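Read through the structure below, which is laid out as C-alpha coordinates, and then see the notes.
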Amino acid sequence: MLTHKLKIAIDEYLSGYRPAVYLFEDTSTGEPLQNRTIQFVYSDTVQFAGIQKKGGIHTLRHSFATHLLEAGTDIRYIQQLLGHESLLTTMRYTHVTADKISTLKSPLDDL
(Lines give C-alpha, C1' and ligand atoms only; values in the text may rest on other atoms or scores of the structure.)
Protein backbone atom coordinates (compact mmCIF):
# COMPACT_ATOMS: atom_id res chain seq x y z
CA MET A 1 0.00 0.00 0.00
CA LEU A 2 1.74 3.11 -1.23
CA THR A 3 0.17 6.16 0.36
CA HIS A 4 0.60 9.67 -1.00
CA LYS A 5 2.74 10.63 2.03
CA LEU A 6 4.96 7.58 1.55
CA LYS A 7 5.35 8.32 -2.16
CA ILE A 8 6.53 11.84 -1.32
CA ALA A 9 9.03 10.48 1.24
CA ILE A 10 10.36 7.91 -1.26
CA ASP A 11 10.69 10.55 -3.98
CA GLU A 12 12.69 12.76 -1.59
CA TYR A 13 14.87 9.80 -0.64
CA LEU A 14 15.48 8.89 -4.29
CA SER A 15 16.44 12.44 -5.21
CA GLY A 16 18.92 12.58 -2.33
CA TYR A 17 20.49 9.12 -2.48
CA ARG A 18 19.96 8.04 -6.10
CA PRO A 19 20.29 4.26 -5.65
CA ALA A 20 21.34 2.42 -8.82
CA VAL A 21 19.19 -0.73 -8.64
CA TYR A 22 17.63 -1.37 -5.24
CA LEU A 23 15.56 1.10 -3.25
CA PHE A 24 17.71 0.49 -0.17
CA GLU A 25 21.18 -0.60 -1.16
CA ASP A 26 24.65 -0.70 0.33
CA THR A 27 26.31 2.44 -1.03
CA SER A 28 29.71 0.76 -1.30
CA THR A 29 28.64 -2.47 -3.04
CA GLY A 30 25.35 -1.57 -4.74
CA GLU A 31 23.85 -4.74 -3.28
CA PRO A 32 20.59 -4.75 -1.31
CA LEU A 33 20.94 -4.05 2.39
CA GLN A 34 21.56 -7.14 4.45
CA ASN A 35 18.86 -8.28 6.86
CA ARG A 36 21.16 -7.62 9.79
CA THR A 37 21.65 -4.00 8.70
CA ILE A 38 17.89 -3.49 8.60
CA GLN A 39 17.59 -5.07 12.05
CA PHE A 40 20.21 -2.65 13.39
CA VAL A 41 18.33 0.32 11.93
CA TYR A 42 15.09 -0.98 13.47
CA SER A 43 16.73 -1.47 16.89
CA ASP A 44 18.31 1.99 16.81
CA THR A 45 14.99 3.56 15.83
CA VAL A 46 13.10 1.76 18.60
CA GLN A 47 15.72 2.87 21.14
CA PHE A 48 15.68 6.46 19.83
CA ALA A 49 11.88 6.53 20.12
CA GLY A 50 12.10 5.33 23.72
CA ILE A 51 9.97 2.25 23.08
CA GLN A 52 10.39 -0.17 25.96
CA LYS A 53 8.21 -2.99 24.65
CA LYS A 54 10.09 -6.06 23.45
CA GLY A 55 9.77 -7.17 19.84
CA GLY A 56 11.71 -7.57 16.65
CA ILE A 57 11.34 -6.14 13.19
CA HIS A 58 8.50 -8.60 12.47
CA THR A 59 6.51 -6.57 15.01
CA LEU A 60 5.97 -3.97 12.27
CA ARG A 61 3.98 -6.50 10.23
CA HIS A 62 1.88 -7.44 13.26
CA SER A 63 1.30 -3.79 14.13
CA PHE A 64 0.30 -2.94 10.57
CA ALA A 65 -2.29 -5.74 10.55
CA THR A 66 -3.58 -4.81 13.99
CA HIS A 67 -3.99 -1.13 13.09
CA LEU A 68 -5.85 -2.03 9.92
CA LEU A 69 -8.18 -4.29 11.88
CA GLU A 70 -8.80 -1.68 14.56
CA ALA A 71 -9.52 0.93 11.87
CA GLY A 72 -12.35 -1.28 10.64
CA THR A 73 -10.68 -2.97 7.68
CA ASP A 74 -12.31 -6.30 6.87
CA ILE A 75 -10.06 -9.13 8.01
CA ARG A 76 -10.35 -10.76 4.57
CA TYR A 77 -8.64 -7.72 3.03
CA ILE A 78 -5.91 -7.95 5.66
CA GLN A 79 -5.55 -11.63 4.82
CA GLN A 80 -4.93 -10.73 1.17
CA LEU A 81 -2.48 -7.94 2.04
CA LEU A 82 -0.45 -10.28 4.24
CA GLY A 83 -0.56 -13.07 1.69
CA HIS A 84 -2.11 -15.64 4.00
CA GLU A 85 -3.94 -18.60 2.47
CA SER A 86 -5.92 -19.27 5.63
CA LEU A 87 -8.01 -16.74 7.48
CA LEU A 88 -7.05 -18.55 10.69
CA THR A 89 -3.44 -17.52 10.15
CA THR A 90 -4.49 -13.89 9.82
CA MET A 91 -6.64 -14.09 12.93
CA ARG A 92 -3.71 -15.41 14.96
CA TYR A 93 -1.46 -12.81 13.42
CA THR A 94 -3.52 -9.77 14.36
CA HIS A 95 -3.70 -8.51 17.90
CA VAL A 96 -7.01 -7.10 19.01
CA THR A 97 -6.72 -4.86 22.03
CA ALA A 98 -9.03 -5.17 25.02
CA ASP A 99 -10.01 -1.51 24.57
CA LYS A 100 -11.28 -2.20 21.07
CA ILE A 101 -13.17 -5.31 22.16
CA SER A 102 -14.89 -3.40 24.98
CA THR A 103 -16.33 -0.89 22.47
CA LEU A 104 -18.07 -3.54 20.37
CA LYS A 105 -21.83 -3.40 20.39
CA SER A 106 -23.70 -6.64 20.91
CA PRO A 107 -26.39 -7.40 18.32
CA LEU A 108 -28.56 -8.42 21.29
CA ASP A 109 -28.77 -4.72 22.22
CA ASP A 110 -30.91 -4.18 19.12
CA LEU A 111 -33.60 -6.65 20.21
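In the C-alpha coordinates, chains take the letters A, B, ... in the order shown, each chain's residues start at 1, and ligands count up from 1 in the order shown.
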Return as an MDAnalysis selection string the full set of residues in chain A whose backbone-based DSSP assignment is alpha helix (DSSP H). chainID A and resid 4:17 35:49 59:70 75:82 87:93 98:102
May I have the residues within 9 Å of Ser63 of chain A as an MDAnalysis selection string, using only C-alpha atoms and disregarding those fewer than 4 positions away in the same chain? chainID A and resid 58:59 67:68 94:95
Near-Arg76 of chain A list (12 Å; only C-alpha atoms; drop same-chain fewer than 6 positions) as JSON, numbers by chain: {"A": [65, 68, 69, 82, 83, 84, 85, 86, 87, 88, 89, 90, 91, 94]}
Can you write just those residues out, N, CA, C and O atoms, as a CSV table (one decimal), in the first residue's frame?
```csv
chain,number,residue,atom,x,y,z
A,65,ALA,N,-1.0,-5.0,10.6
A,65,ALA,CA,-2.3,-5.7,10.5
A,65,ALA,C,-3.3,-5.3,11.7
A,65,ALA,O,-4.5,-5.2,11.4
A,68,LEU,N,-4.8,-1.9,11.0
A,68,LEU,CA,-5.9,-2.0,9.9
A,68,LEU,C,-7.1,-2.6,10.5
A,68,LEU,O,-8.2,-2.1,10.2
A,69,LEU,N,-7.0,-3.6,11.3
A,69,LEU,CA,-8.2,-4.3,11.9
A,69,LEU,C,-8.9,-3.3,12.8
A,69,LEU,O,-10.1,-3.2,12.7
A,82,LEU,N,-1.5,-9.5,3.6
A,82,LEU,CA,-0.5,-10.3,4.2
A,82,LEU,C,-0.1,-11.5,3.5
A,82,LEU,O,1.0,-12.1,3.8
A,83,GLY,N,-0.9,-11.9,2.5
A,83,GLY,CA,-0.6,-13.1,1.7
A,83,GLY,C,-0.8,-14.4,2.4
A,83,GLY,O,-0.2,-15.4,2.1
A,84,HIS,N,-1.8,-14.4,3.3
A,84,HIS,CA,-2.1,-15.6,4.0
A,84,HIS,C,-3.1,-16.4,3.2
A,84,HIS,O,-4.1,-15.9,2.7
A,85,GLU,N,-2.9,-17.7,3.1
A,85,GLU,CA,-3.9,-18.6,2.5
A,85,GLU,C,-5.1,-18.8,3.4
A,85,GLU,O,-6.3,-18.9,2.9
A,86,SER,N,-4.9,-19.0,4.7
A,86,SER,CA,-5.9,-19.3,5.6
A,86,SER,C,-6.3,-18.0,6.5
A,86,SER,O,-5.4,-17.3,7.0
A,87,LEU,N,-7.6,-17.8,6.6
A,87,LEU,CA,-8.0,-16.7,7.5
A,87,LEU,C,-7.6,-17.0,8.9
A,87,LEU,O,-7.4,-16.0,9.7
A,88,LEU,N,-7.5,-18.2,9.3
A,88,LEU,CA,-7.1,-18.6,10.7
A,88,LEU,C,-5.7,-18.0,11.0
A,88,LEU,O,-5.4,-17.6,12.1
A,89,THR,N,-4.8,-18.1,10.0
A,89,THR,CA,-3.4,-17.5,10.2
A,89,THR,C,-3.5,-16.0,10.4
A,89,THR,O,-2.8,-15.5,11.3
A,90,THR,N,-4.3,-15.3,9.7
A,90,THR,CA,-4.5,-13.9,9.8
A,90,THR,C,-5.1,-13.6,11.2
A,90,THR,O,-4.6,-12.6,11.8
A,91,MET,N,-6.0,-14.4,11.6
A,91,MET,CA,-6.6,-14.1,12.9
A,91,MET,C,-5.6,-14.3,14.1
A,91,MET,O,-5.6,-13.5,15.0
A,94,THR,N,-3.1,-11.1,13.9
A,94,THR,CA,-3.5,-9.8,14.4
A,94,THR,C,-3.8,-9.8,15.9
A,94,THR,O,-4.2,-10.8,16.4
```
Distance query segment 1-6 of chain A at most 12 Å, only C-alpha atoms, self and fewer than 2 positions along chain excluded, as number ranges by chain: A: 8-13, 64, 68, 77-78, 80-82
Write out as a PyMOL selection string which residues come within 10 Å of segment 34-50 of chain A when counting only C-alpha atoms, dropping same-chain ones fewer than 4 positions away. chain A and resi 24-26+54-58+60
If you keep N, CA, C and O atoms, can you produce a file of those selected residues as an mmCIF file, in the first residue's frame?
```
data_model
loop_
_atom_site.group_PDB
_atom_site.id
_atom_site.type_symbol
_atom_site.label_atom_id
_atom_site.label_comp_id
_atom_site.auth_asym_id
_atom_site.auth_seq_id
_atom_site.Cartn_x
_atom_site.Cartn_y
_atom_site.Cartn_z
ATOM 1 N N PHE A 24 16.794 0.337 -1.302
ATOM 2 C CA PHE A 24 17.707 0.488 -0.169
ATOM 3 C C PHE A 24 18.901 -0.419 -0.422
ATOM 4 O O PHE A 24 18.806 -1.638 -0.278
ATOM 5 N N GLU A 25 20.006 0.193 -0.824
ATOM 6 C CA GLU A 25 21.177 -0.603 -1.162
ATOM 7 C C GLU A 25 22.407 -0.117 -0.417
ATOM 8 O O GLU A 25 22.479 1.021 0.013
ATOM 9 N N ASP A 26 23.366 -1.022 -0.279
ATOM 10 C CA ASP A 26 24.652 -0.699 0.328
ATOM 11 C C ASP A 26 25.368 0.250 -0.622
ATOM 12 O O ASP A 26 25.609 -0.077 -1.787
ATOM 13 N N LYS A 54 9.238 -5.121 24.176
ATOM 14 C CA LYS A 54 10.094 -6.064 23.447
ATOM 15 C C LYS A 54 9.450 -6.437 22.118
ATOM 16 O O LYS A 54 8.233 -6.475 21.996
ATOM 17 N N GLY A 55 10.276 -6.737 21.140
ATOM 18 C CA GLY A 55 9.771 -7.174 19.838
ATOM 19 C C GLY A 55 10.811 -6.920 18.774
ATOM 20 O O GLY A 55 11.627 -6.008 18.891
ATOM 21 N N GLY A 56 10.769 -7.715 17.751
ATOM 22 C CA GLY A 56 11.707 -7.566 16.649
ATOM 23 C C GLY A 56 11.081 -6.854 15.473
ATOM 24 O O GLY A 56 9.974 -6.319 15.559
ATOM 25 N N ILE A 57 11.787 -6.863 14.375
ATOM 26 C CA ILE A 57 11.336 -6.145 13.186
ATOM 27 C C ILE A 57 10.018 -6.706 12.649
ATOM 28 O O ILE A 57 9.222 -5.997 12.046
ATOM 29 N N HIS A 58 9.754 -7.983 12.913
ATOM 30 C CA HIS A 58 8.502 -8.595 12.468
ATOM 31 C C HIS A 58 7.296 -7.965 13.168
ATOM 32 O O HIS A 58 6.164 -8.062 12.691
ATOM 33 N N LEU A 60 6.561 -4.954 13.179
ATOM 34 C CA LEU A 60 5.975 -3.971 12.266
ATOM 35 C C LEU A 60 4.833 -4.581 11.468
ATOM 36 O O LEU A 60 3.795 -3.943 11.254
#
```
To one decimal place, how far is atom CA of Pro32 of chain A from atom CA of Ser15 of chain A in Å? 18.1 Å
Which distance in Å separates atom CA of Arg92 of chain A and atom CA of Lys53 of chain A, to one decimal?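 It comes out at 19.7 Å.
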So what do you get for atom CA of Asp74 of chain A versus atom CA of Ile51 of chain A, distance-wise?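 Going from atom CA of Asp74 of chain A over to atom CA of Ile51 of chain A, I get 28.8 Å.
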